[in-house]
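Containing compact mmCIF, C-alpha atoms: upload25.txt.
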# COMPACT_ATOMS: atom_id res chain seq x y z
CA MET A 1 33.76 38.11 -73.33
CA ASN A 2 35.99 37.19 -70.44
CA GLN A 3 39.17 39.09 -70.08
CA LEU A 4 42.01 38.00 -67.82
CA SER A 5 43.45 40.64 -65.57
CA ARG A 6 47.22 40.97 -65.27
CA ARG A 7 47.01 39.55 -61.73
CA GLU A 8 45.07 36.46 -62.89
CA LEU A 9 47.44 35.90 -65.77
CA LEU A 10 50.42 35.91 -63.43
CA ARG A 11 48.66 33.50 -61.04
CA LEU A 12 47.85 31.01 -63.81
CA SER A 13 51.41 31.15 -65.13
CA GLY A 14 52.68 30.38 -61.66
CA LEU A 15 50.36 27.39 -61.35
CA SER A 16 51.44 25.97 -64.72
CA LEU A 17 55.09 26.30 -63.81
CA ALA A 18 54.56 24.61 -60.43
CA SER A 19 52.62 21.73 -62.03
CA GLY A 20 55.37 21.20 -64.55
CA LEU A 21 57.99 21.02 -61.81
CA VAL A 22 55.95 18.46 -59.88
CA LEU A 23 55.46 16.29 -62.96
CA ALA A 24 59.13 16.55 -63.84
CA ALA A 25 60.07 15.47 -60.34
CA CYS A 26 57.71 12.49 -60.46
CA GLY A 27 58.69 10.87 -63.71
CA LYS A 28 61.72 10.15 -65.81
CA GLN A 29 61.89 11.87 -69.17
CA THR A 30 63.30 10.53 -72.37
CA GLY A 31 66.87 11.59 -72.89
CA VAL A 32 67.24 13.09 -69.44
CA VAL A 33 69.94 11.62 -67.24
CA ASP A 34 68.75 11.06 -63.66
CA ASP A 35 71.63 12.39 -61.57
CA GLY A 36 69.66 12.21 -58.34
CA ALA A 37 69.70 16.00 -57.97
CA ILE A 38 65.92 16.22 -57.67
CA ALA A 39 64.56 14.75 -54.46
CA ARG A 40 61.66 12.34 -54.72
CA LEU A 41 59.46 10.57 -52.24
CA GLY A 42 60.19 6.84 -52.51
CA GLU A 43 60.74 4.61 -55.48
CA SER A 44 57.86 2.59 -56.92
CA PRO A 45 58.90 -1.05 -57.26
CA SER A 46 58.69 -2.79 -60.60
CA THR A 47 55.58 -4.96 -60.95
CA THR A 48 55.06 -8.39 -62.42
CA ALA A 49 51.86 -8.73 -64.41
CA LEU A 50 49.48 -11.49 -63.34
CA ALA A 51 49.15 -14.43 -65.70
CA GLU A 52 46.21 -14.02 -68.03
CA ALA A 53 43.30 -15.95 -66.51
CA LYS A 54 40.74 -17.25 -68.95
CA VAL A 55 37.72 -19.27 -67.86
CA THR A 56 37.91 -22.22 -70.23
CA ASP A 57 36.35 -25.67 -70.18
CA GLU A 58 39.63 -26.92 -68.80
CA VAL A 59 39.61 -24.39 -65.93
CA LEU A 60 36.02 -25.30 -65.03
CA LEU A 61 36.88 -28.99 -65.01
CA ARG A 62 40.04 -28.39 -62.95
CA THR A 63 37.89 -26.51 -60.44
CA ALA A 64 35.44 -29.42 -60.29
CA ALA A 65 38.34 -31.81 -59.75
CA SER A 66 39.62 -29.65 -56.90
CA LEU A 67 36.24 -29.88 -55.15
CA GLU A 68 36.40 -33.65 -55.40
CA TYR A 69 39.63 -33.53 -53.41
CA ASN A 70 38.00 -31.21 -50.88
CA ALA A 71 35.35 -33.90 -50.43
CA ILE A 72 37.90 -36.74 -50.22
CA ASP A 73 39.88 -34.82 -47.58
CA THR A 74 36.75 -33.98 -45.62
CA TYR A 75 35.54 -37.59 -45.50
CA THR A 76 39.03 -38.70 -44.50
CA ALA A 77 39.04 -36.13 -41.69
CA ALA A 78 35.54 -37.17 -40.65
CA LEU A 79 36.46 -40.85 -40.51
CA GLY A 80 39.62 -39.97 -38.58
CA LEU A 81 37.59 -38.31 -35.84
CA GLY A 82 36.07 -41.68 -34.92
CA VAL A 83 32.73 -40.12 -34.07
CA PHE A 84 30.46 -42.40 -36.06
CA THR A 85 29.32 -44.51 -33.14
CA GLY A 86 25.98 -45.50 -31.62
CA ASP A 87 23.12 -44.30 -33.82
CA LEU A 88 25.65 -43.01 -36.35
CA ALA A 89 27.63 -46.28 -36.64
CA ALA A 90 26.25 -46.95 -40.12
CA ALA A 91 27.68 -43.61 -41.27
CA THR A 92 31.18 -45.11 -41.38
CA ASP A 93 30.39 -47.33 -44.36
CA VAL A 94 28.46 -44.52 -46.05
CA ALA A 95 31.38 -42.10 -45.60
CA LYS A 96 33.83 -44.67 -46.99
CA ARG A 97 31.60 -45.33 -49.98
CA PHE A 98 31.09 -41.62 -50.70
CA ARG A 99 34.84 -41.02 -50.42
CA GLU A 100 35.43 -43.78 -53.00
CA ASP A 101 32.83 -42.16 -55.26
CA HIS A 102 34.63 -38.84 -55.02
CA GLN A 103 37.94 -40.48 -55.89
CA GLU A 104 36.27 -42.00 -58.96
CA HIS A 105 34.82 -38.60 -59.85
CA ALA A 106 38.24 -36.97 -59.48
CA ASP A 107 39.79 -39.58 -61.75
CA ALA A 108 36.97 -39.19 -64.28
CA VAL A 109 37.21 -35.40 -64.34
CA ASN A 110 40.99 -35.50 -64.68
CA SER A 111 40.56 -37.92 -67.56
CA LEU A 112 38.26 -35.37 -69.23
CA ILE A 113 40.82 -32.62 -68.59
CA ARG A 114 43.54 -34.69 -70.26
CA ALA A 115 41.22 -35.40 -73.18
CA VAL A 116 40.86 -31.67 -73.88
CA GLY A 117 44.63 -31.25 -73.68
CA GLY A 118 44.64 -29.78 -70.19
CA LYS A 119 46.72 -30.19 -67.07
CA GLU A 120 45.15 -32.44 -64.45
CA HIS A 121 44.56 -31.16 -60.94
CA ARG A 122 44.93 -33.56 -58.05
CA CYS A 123 44.53 -31.57 -54.87
CA ALA A 124 41.85 -29.68 -52.96
CA ASN A 125 40.71 -26.14 -53.72
CA VAL A 126 42.70 -23.99 -51.29
CA ARG A 127 40.21 -21.15 -51.19
CA ILE A 128 37.25 -23.44 -50.49
CA ASN A 129 39.33 -25.02 -47.74
CA ASP A 130 40.29 -21.68 -46.23
CA LEU A 131 36.84 -20.10 -46.50
CA TYR A 132 34.62 -22.99 -45.49
CA LEU A 133 36.12 -26.33 -44.61
CA SER A 134 38.88 -25.38 -42.17
CA PRO A 135 36.62 -22.99 -40.21
CA ALA A 136 33.86 -25.62 -40.20
CA LEU A 137 36.14 -28.35 -38.91
CA ALA A 138 37.48 -25.99 -36.24
CA LEU A 139 33.94 -25.27 -35.03
CA ILE A 140 33.00 -28.94 -35.14
CA THR A 141 36.03 -30.17 -33.20
CA ASP A 142 35.78 -27.43 -30.57
CA ASP A 143 35.93 -29.02 -27.11
CA LYS A 144 32.60 -27.46 -26.18
CA ASN A 145 30.75 -28.98 -29.12
CA GLU A 146 28.68 -31.97 -28.05
CA ASN A 147 27.33 -32.77 -31.53
CA VAL A 148 30.50 -33.65 -33.37
CA GLY A 149 29.10 -36.70 -35.20
CA VAL A 150 25.95 -34.96 -36.44
CA ASP A 151 27.87 -31.81 -37.34
CA VAL A 152 30.35 -33.80 -39.41
CA ILE A 153 27.43 -35.24 -41.37
CA ALA A 154 25.97 -31.73 -41.74
CA LEU A 155 29.31 -30.60 -43.20
CA ALA A 156 29.37 -33.55 -45.60
CA HIS A 157 25.80 -32.76 -46.63
CA ALA A 158 26.69 -29.13 -47.31
CA LEU A 159 29.76 -30.16 -49.27
CA GLU A 160 27.77 -32.62 -51.42
CA ASN A 161 25.27 -29.86 -52.18
CA LEU A 162 28.15 -27.55 -53.06
CA ALA A 163 29.59 -30.11 -55.44
CA ALA A 164 26.19 -30.80 -57.04
CA GLN A 165 25.58 -27.07 -57.51
CA THR A 166 29.03 -26.61 -58.99
CA TYR A 167 28.53 -29.29 -61.63
CA GLN A 168 25.07 -27.95 -62.39
CA GLY A 169 26.43 -24.42 -62.68
CA VAL A 170 29.26 -25.29 -65.03
CA VAL A 171 26.87 -26.90 -67.53
CA GLU A 172 25.90 -23.43 -68.78
CA LEU A 173 29.53 -22.29 -68.92
CA ILE A 174 31.14 -25.27 -70.64
CA SER A 175 31.31 -24.89 -74.40
CA ASP A 176 31.45 -28.57 -75.41
CA PRO A 177 28.01 -30.28 -75.14
CA LYS A 178 29.60 -33.68 -74.46
CA LEU A 179 31.54 -32.26 -71.51
CA ARG A 180 28.32 -30.70 -70.18
CA ALA A 181 26.74 -34.15 -70.07
CA ASP A 182 29.82 -35.70 -68.48
CA ALA A 183 29.81 -33.00 -65.82
CA ILE A 184 26.16 -33.31 -64.91
CA ARG A 185 26.39 -37.11 -64.68
CA ILE A 186 28.76 -36.57 -61.77
CA GLY A 187 26.57 -33.78 -60.39
CA GLN A 188 23.63 -36.17 -60.35
CA GLN A 189 25.53 -38.57 -58.12
CA GLU A 190 26.53 -35.74 -55.79
CA SER A 191 22.83 -34.91 -55.52
CA ARG A 192 22.09 -38.52 -54.59
CA HIS A 193 24.77 -38.32 -51.90
CA ALA A 194 23.24 -35.10 -50.56
CA ALA A 195 19.73 -36.58 -50.49
CA LEU A 196 20.87 -39.65 -48.54
CA LEU A 197 22.80 -37.54 -46.02
CA ALA A 198 19.77 -35.27 -45.59
CA GLN A 199 17.82 -38.32 -44.50
CA VAL A 200 20.45 -39.10 -41.86
CA LEU A 201 20.11 -35.56 -40.50
CA ASN A 202 16.33 -35.33 -40.78
CA PRO A 203 14.94 -38.84 -41.26
CA GLY A 204 11.53 -40.05 -42.33
CA ILE A 205 9.32 -39.92 -45.40
CA ALA A 206 7.58 -36.79 -44.15
CA SER A 207 10.96 -35.03 -44.09
CA MET A 208 11.98 -35.93 -47.64
CA GLY A 209 10.24 -32.88 -49.08
CA PRO A 210 10.51 -29.29 -47.85
CA THR A 211 9.37 -28.59 -44.27
CA ASN A 212 9.94 -25.75 -41.82
CA ASN A 213 11.01 -25.73 -38.21
CA PRO A 214 7.78 -24.86 -36.31
CA THR A 215 9.71 -22.81 -33.74
CA THR A 216 12.06 -20.79 -35.92
CA GLY A 217 10.16 -20.95 -39.19
CA LYS A 218 13.40 -21.75 -40.97
CA PRO A 219 13.53 -24.53 -43.57
CA ASN A 220 14.62 -27.92 -42.28
CA ILE A 221 17.22 -30.00 -44.08
CA ALA A 222 15.43 -31.96 -46.79
CA ALA A 223 16.43 -34.63 -49.28
CA ILE A 224 14.31 -32.94 -51.97
CA PRO A 225 14.18 -29.29 -50.94
CA ALA A 226 12.88 -27.85 -54.24
CA ALA A 227 11.68 -28.73 -57.72
CA TYR A 228 14.83 -27.45 -59.45
CA GLY A 229 18.48 -27.68 -58.52
CA SER A 230 19.38 -24.63 -56.46
CA GLN A 231 22.23 -22.22 -57.12
CA ALA A 232 21.68 -20.29 -53.88
CA ASN A 233 24.21 -20.27 -51.05
CA ILE A 234 24.19 -23.24 -48.68
CA GLN A 235 23.62 -22.70 -44.97
CA LEU A 236 25.63 -24.86 -42.61
CA THR A 237 24.81 -24.50 -38.91
CA ILE A 238 27.35 -26.21 -36.67
CA GLY A 239 29.43 -25.97 -33.50
CA ALA A 240 28.81 -25.42 -29.84
CA PRO A 241 25.98 -23.05 -28.86
CA LYS A 242 27.03 -19.46 -28.27
CA ALA A 243 26.03 -17.40 -25.21
CA ASP A 244 22.64 -16.58 -26.75
CA GLY A 245 22.00 -20.25 -27.54
CA SER A 246 22.44 -19.88 -31.29
CA ARG A 247 25.05 -21.78 -33.27
CA THR A 248 27.33 -20.51 -36.00
CA THR A 249 25.97 -20.53 -39.53
CA LEU A 250 28.42 -20.61 -42.42
CA LEU A 251 27.26 -19.70 -45.93
CA LEU A 252 28.88 -21.80 -48.62
CA GLU A 253 28.97 -20.65 -52.23
CA THR A 254 30.10 -22.43 -55.38
CA PRO A 255 33.55 -21.46 -56.69
CA SER A 256 33.61 -18.02 -58.26
CA LEU A 257 36.20 -16.20 -60.35
CA ASN A 258 38.57 -15.91 -57.39
CA SER A 259 38.40 -19.61 -56.51
CA LEU A 260 38.58 -21.20 -59.95
CA VAL A 261 41.59 -23.39 -60.64
CA TYR A 262 43.20 -21.51 -63.52
CA ASP A 263 45.99 -22.96 -65.65
CA SER A 264 48.60 -21.17 -63.53
CA VAL A 265 47.38 -22.84 -60.33
CA SER A 266 49.10 -26.07 -59.36
CA CYS A 267 49.12 -28.34 -56.36
CA MET B 1 16.65 -18.68 -80.90
CA LEU B 2 16.53 -22.45 -80.74
CA SER B 3 17.72 -24.55 -83.65
CA GLU B 4 15.39 -27.15 -85.17
CA ASP B 5 17.47 -29.92 -83.62
CA ASP B 6 17.29 -28.33 -80.18
CA ILE B 7 13.52 -27.94 -80.51
CA SER B 8 13.16 -31.64 -81.32
CA LEU B 9 15.36 -32.62 -78.40
CA LEU B 10 13.56 -30.41 -75.89
CA ALA B 11 10.20 -31.64 -77.20
CA ALA B 12 11.38 -35.21 -76.52
CA ALA B 13 12.29 -34.19 -72.96
CA GLN B 14 8.90 -32.57 -72.53
CA ALA B 15 7.06 -35.63 -73.89
CA LEU B 16 8.86 -37.81 -71.36
CA GLU B 17 7.94 -35.42 -68.56
CA LEU B 18 4.31 -35.58 -69.71
CA ALA B 19 4.47 -39.36 -69.40
CA ALA B 20 6.10 -39.09 -65.95
CA ARG B 21 3.44 -36.62 -64.84
CA ASP B 22 0.69 -39.02 -65.92
CA ILE B 23 2.36 -42.05 -64.32
CA TYR B 24 2.63 -40.20 -61.01
CA ALA B 25 -0.97 -38.98 -61.36
CA SER B 26 -2.01 -42.60 -61.69
CA ALA B 27 0.05 -43.60 -58.64
CA VAL B 28 -1.42 -40.75 -56.58
CA SER B 29 -4.99 -41.58 -57.60
CA ARG B 30 -4.69 -45.14 -56.28
CA LYS B 31 -4.47 -43.87 -52.71
CA SER B 32 -2.85 -47.15 -51.71
CA LYS B 33 -0.13 -45.66 -49.53
CA SER B 34 0.16 -44.06 -46.11
CA GLU B 35 -0.46 -40.34 -45.70
CA GLU B 36 3.26 -39.58 -45.67
CA GLU B 37 3.94 -41.74 -48.72
CA GLN B 38 0.99 -40.14 -50.48
CA GLY B 39 2.54 -36.74 -49.73
CA LEU B 40 5.81 -37.84 -51.28
CA LEU B 41 4.04 -39.07 -54.42
CA GLU B 42 2.18 -35.77 -54.71
CA LEU B 43 5.44 -33.84 -54.31
CA MET B 44 7.14 -35.79 -57.10
CA HIS B 45 4.04 -35.48 -59.28
CA SER B 46 4.09 -31.71 -58.80
CA HIS B 47 7.74 -31.59 -59.83
CA HIS B 48 7.18 -33.47 -63.08
CA THR B 49 4.19 -31.25 -63.80
CA ALA B 50 6.43 -28.21 -63.31
CA TYR B 51 9.11 -29.64 -65.63
CA GLU B 52 6.58 -30.35 -68.35
CA GLN B 53 5.11 -26.86 -68.04
CA THR B 54 8.52 -25.18 -68.07
CA LEU B 55 9.53 -27.02 -71.23
CA ASN B 56 6.13 -26.22 -72.71
CA GLY B 57 6.84 -22.54 -72.05
CA VAL B 58 10.30 -22.78 -73.61
CA LEU B 59 8.97 -24.43 -76.75
CA SER B 60 5.80 -22.34 -76.98
CA LYS B 61 4.04 -23.18 -80.28
CA ARG B 62 6.53 -25.96 -80.95
CA ALA B 63 5.80 -27.74 -77.66
CA ALA B 64 5.00 -31.43 -77.55
CA THR B 65 1.30 -32.17 -77.48
CA GLU B 66 1.53 -35.85 -76.60
CA ARG B 67 3.30 -37.76 -73.89
CA ASN B 68 5.99 -40.31 -74.72
CA ALA B 69 3.78 -43.33 -75.45
CA GLU B 70 6.58 -45.87 -75.13
CA ALA B 71 7.46 -44.73 -71.63
CA TYR B 72 3.88 -44.33 -70.50
CA THR B 73 2.83 -47.78 -71.71
CA LYS B 74 5.83 -49.48 -70.14
CA PHE B 75 5.58 -47.84 -66.73
CA PHE B 76 1.78 -47.94 -66.55
CA ALA B 77 1.95 -51.71 -67.06
CA LEU B 78 4.57 -52.04 -64.33
CA LEU B 79 2.33 -50.08 -61.94
CA SER B 80 -0.21 -52.90 -62.07
CA ASP B 81 1.92 -54.72 -59.52
CA ALA B 82 1.26 -52.58 -56.44
CA SER B 83 4.14 -54.18 -54.56
CA LYS B 84 6.55 -52.73 -57.10
CA LEU B 85 5.34 -49.14 -56.98
CA TRP B 86 8.57 -47.63 -55.60
CA ALA B 87 10.77 -49.78 -57.85
CA THR B 88 8.73 -48.76 -60.90
CA LEU B 89 8.95 -45.07 -60.06
CA LEU B 90 12.68 -45.46 -59.39
CA GLU B 91 13.16 -46.88 -62.87
CA LEU B 92 11.05 -44.07 -64.31
CA GLU B 93 13.19 -41.43 -62.60
CA ASN B 94 16.43 -43.09 -63.70
CA THR B 95 15.11 -43.33 -67.26
CA ALA B 96 14.23 -39.63 -67.23
CA ILE B 97 17.72 -38.76 -65.91
CA ALA B 98 19.45 -40.90 -68.55
CA THR B 99 17.28 -39.45 -71.31
CA HIS B 100 17.70 -35.82 -70.28
CA THR B 101 21.46 -36.32 -69.93
CA ALA B 102 21.64 -37.78 -73.44
CA ILE B 103 19.71 -34.72 -74.63
CA ILE B 104 22.12 -32.38 -72.80
CA GLU B 105 24.93 -34.08 -74.72
CA ARG B 106 23.31 -33.11 -78.01
CA LEU B 107 21.81 -29.69 -77.26
CA THR B 108 23.66 -26.74 -78.70
CA SER B 109 21.94 -24.25 -76.38
CA ALA B 110 23.92 -24.10 -73.12
CA LYS B 111 21.08 -22.24 -71.43
CA HIS B 112 18.61 -25.04 -72.10
CA ALA B 113 21.19 -27.68 -71.24
CA ALA B 114 21.45 -25.93 -67.87
CA LEU B 115 17.67 -26.10 -67.44
CA LEU B 116 17.68 -29.86 -68.03
CA ALA B 117 20.71 -30.20 -65.75
CA SER B 118 18.81 -28.53 -62.92
CA ILE B 119 15.90 -30.92 -63.50
CA THR B 120 18.12 -34.00 -63.48
CA THR B 121 19.80 -33.11 -60.18
CA VAL B 122 16.38 -33.14 -58.51
CA GLU B 123 15.27 -36.28 -60.33
CA ALA B 124 18.45 -37.85 -58.96
CA ARG B 125 17.24 -36.92 -55.48
CA HIS B 126 13.84 -38.45 -56.26
CA ALA B 127 15.61 -41.63 -57.36
CA ALA B 128 17.76 -41.83 -54.24
CA MET B 129 14.71 -41.49 -52.01
CA LEU B 130 12.65 -44.02 -53.97
CA ALA B 131 15.56 -46.46 -53.78
CA SER B 132 15.78 -45.95 -50.02
CA LEU B 133 12.13 -46.99 -49.74
CA THR B 134 12.84 -50.36 -51.34
CA SER B 135 16.30 -51.31 -50.11
CA THR B 136 19.26 -50.34 -47.95
CA ASN B 137 21.60 -51.17 -50.83
CA LEU B 138 23.60 -48.01 -51.55
CA ASP B 139 24.25 -49.04 -55.15
CA LEU B 140 20.54 -48.92 -55.86
CA ALA B 141 20.35 -45.35 -54.58
CA LEU B 142 23.55 -44.13 -56.19
CA GLU B 143 23.89 -45.85 -59.55
CA ASN B 144 21.84 -45.29 -62.68
CA THR B 145 21.78 -48.22 -65.08
CA ALA B 146 18.67 -47.09 -66.99
CA GLN B 147 18.87 -46.55 -70.72
CA SER B 148 18.13 -43.27 -72.43
CA LEU B 149 15.02 -43.13 -74.61
CA VAL B 150 16.83 -40.95 -77.14
CA THR B 151 19.95 -42.04 -78.97
CA GLN B 152 23.20 -40.45 -77.88

Target encoding structure tokens, full file:
Amino acid sequence: MNQLSRRELLRLSGLSLASGLVLAACGKQTGVVDDGAIARLGESPSTTALAEAKVTDEVLLRTAASLEYNAIDTYTAALGLGVFTGDLAAATDVAKRFREDHQEHADAVNSLIRAVGGKEHRCANVRINDLYLSPALALITDDKNENVGVDVIALAHALENLAAQTYQGVVELISDPKLRADAIRIGQQESRHAALLAQVLNPGIASMGPTNNPTTGKPNIAAIPAAYGSQANIQLTIGAPKADGSRTTLLLETPSLNSLVYDSVSC
Amino acid sequence: MLSEDDISLLAAAQALELAARDIYASAVSRKSKSEEEQGLLELMHSHHTAYEQTLNGVLSKRAATERNAEAYTKFFALLSDASKLWATLLELENTAIATHTAIIERLTSAKHAALLASITTVEARHAAMLASLTSTNLDLALENTAQSLVTQ
């Protein structure tokens, strides 16, 4: 049986007393008037709780709508650059058509949002813009980049894949079967966009299916890269070559919990 | 566990994929196209084979044992006109997309709806490429006017 010596007992008592004083100094106690006599280090500010964020059908649809505006803005920026000339001249009409499709998708998705009693969302996803699109456009429009036209199409291709993956991904998360079908109908058209743009970047029947670059071994851009719709991140290689000859690769991912357009988010 | 209704719907999707697999097998066996075109046909055939096998695995003992006769008969007849090979396969892909989407609308299982969704996004790519082999008309590549083989 352990027995405390007188010395140990005194030491423990001292510790308990000191702890009590520290706690008393740190917090207010019920019924005790704070007269400022006890010094304290700083004052913690009052906090405002974040709005409760639930991932509902409405939030998923609002996120999809936001991506449509990312696409609309990107095609508008691409057309504004005036780089679809020469071999890429036909891309102007394609970009205009795809932008119209995205406007129709945005309207359709907002109509679905209203139908479920939600608040429509009519602007681009800020986080997707900040993480991917703004950096990509900065790399593409860099003065040293000599492939602006092709890189713009590569960005559009990546964005179409991102949109297709997003619609495919939300099918499993949406609770209403009818909304799942409505979502994937749009996703199917995004996939068609992506396939057609892949053919602009890597043309020919032999390039429709998966192929690899014989030098690097990396997969080439393909209209039909796999048997099932991917949910993996999307590689976008763009911009002027760096000192070692390589170009910047951005990895795009579908919206996650921190980039969903919750009810509290507005334009 | 899948409900009886979901089993019936997924079996309908599988039966259509069996028909698509056999239509593509017929197109491949004709060897009437260039080497590159033949490669594309074989790729699409392999995809439909994979879809049928995946659905077969999902359904296990309840899997479909026969292809969709209506679809097979219709598209096999259309294949007799060799000049319309790409157009026929385009219609087949669009029909599969419309049918699977109608099934997604009725499935209660979100997980299996997601499986069909992932199939339809690739079939949409097939369709866009087949359309590009017949015309430069963007509408043909982007729009799907085919009717579903199951009622919505």

| request: Compile the contact shell of segment 14-17 of chain B as a list in words: residues with an atom at most 6 Å away, counting all atoms listed in the file, same-chain residues fewer than 5 positions apart removed. | output: His48, Glu52, Leu55, Ala64, Arg67 and Asn68 of chain B

Could the residues in this selection be written to a file with C-alpha atoms, as a tab-separated table (two decimals), in the coordinates of the input?
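In the end it all went to out_36.tsv:
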chain	number	residue	atom	x	y	z
B	48	HIS	CA	7.18	-33.47	-63.08
B	52	GLU	CA	6.58	-30.35	-68.35
B	55	LEU	CA	9.53	-27.02	-71.23
B	64	ALA	CA	5.00	-31.43	-77.55
B	67	ARG	CA	3.30	-37.76	-73.89
B	68	ASN	CA	5.99	-40.31	-74.72

| request: Can you pull out every residue within 12 Å of segment 22-34 of chain B, counting all atoms listed in the file, but drop anything in the same chain fewer than 2 positions away, and send it as a PyMOL selection string? | output: (chain A and resi 205-206) or (chain B and resi 15-20+36-49+52+66-69+71-86+88-93)

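Relative to atom CA of Leu179 of chain A, atom CA of Glu105 of chain B is found at 7.6 Å.
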
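Between atom CA of Ala156 of chain A and atom CA of Asn110 of chain A the separation is 22.4 Å.
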
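One distance worth recording is that between atom CA of Ala64 of chain A and atom CA of Leu79 of chain A, which is 22.9 Å.
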
| task | Write out as a VMD selection string every residue belonging to chain A that has an atom at most 10 Å from any atom of chain B, counting only C-alpha atoms. | result | chain A and resid 93 to 94 97 to 98 101 164 to 165 167 to 196 199 204 to 210 223 to 231

| message | Using all atoms listed in the file for the distances, tell me which of B:Leu140, B:Ala146, B:Ala96, B:Ala63 is nearest to Ala11 of chain B. | response | B:Ala63

| Distance query 10 Å from (32.3, -31.1, -30.6) using all atoms listed in the file, result as number ranges by chain | A: 83, 137-152, 238-240

Return as lines of an AutoDock Vina configuration file the box centre and box size in Å, one decimal, for an axis-aligned box around all listed atoms of segment 25-30 of chain B padded by 3 Å per side.
center_x = -2.5
center_y = -42.1
center_z = -59.0
size_x = 11.0
size_y = 12.2
size_z = 11.4

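Every residue within 9 Å of the file position (17.9, -32.7, -42.5), judged by only C-alpha atoms, is given as Ala154, His157, Leu197, Ala198, Gln199, Val200, Leu201, Asn202, Pro203, Ser207, Met208, Asn220, Ile221, Ala222 and Ala223 of chain A.
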
| query | Could you name the residues that touch Leu50 of chain A at 12 Å or less, counting all atoms listed in the file, but leaving out those on the same chain fewer than 2 positions away, as a PyMOL selection string? | reply | chain A and resi 47-48+52-54+262+264-265

So that I have them on file, write out the residues from the current selection with C-alpha atoms, as a short mmCIF file (atom, residue, chain, number, x, y, z; two decimals), in the frame of the given file.
data_model
loop_
_atom_site.label_atom_id
_atom_site.label_comp_id
_atom_site.auth_asym_id
_atom_site.auth_seq_id
_atom_site.Cartn_x
_atom_site.Cartn_y
_atom_site.Cartn_z
CA THR A 47 55.58 -4.96 -60.95
CA THR A 48 55.06 -8.39 -62.42
CA GLU A 52 46.21 -14.02 -68.03
CA ALA A 53 43.30 -15.95 -66.51
CA LYS A 54 40.74 -17.25 -68.95
CA TYR A 262 43.20 -21.51 -63.52
CA SER A 264 48.60 -21.17 -63.53
CA VAL A 265 47.38 -22.84 -60.33
#
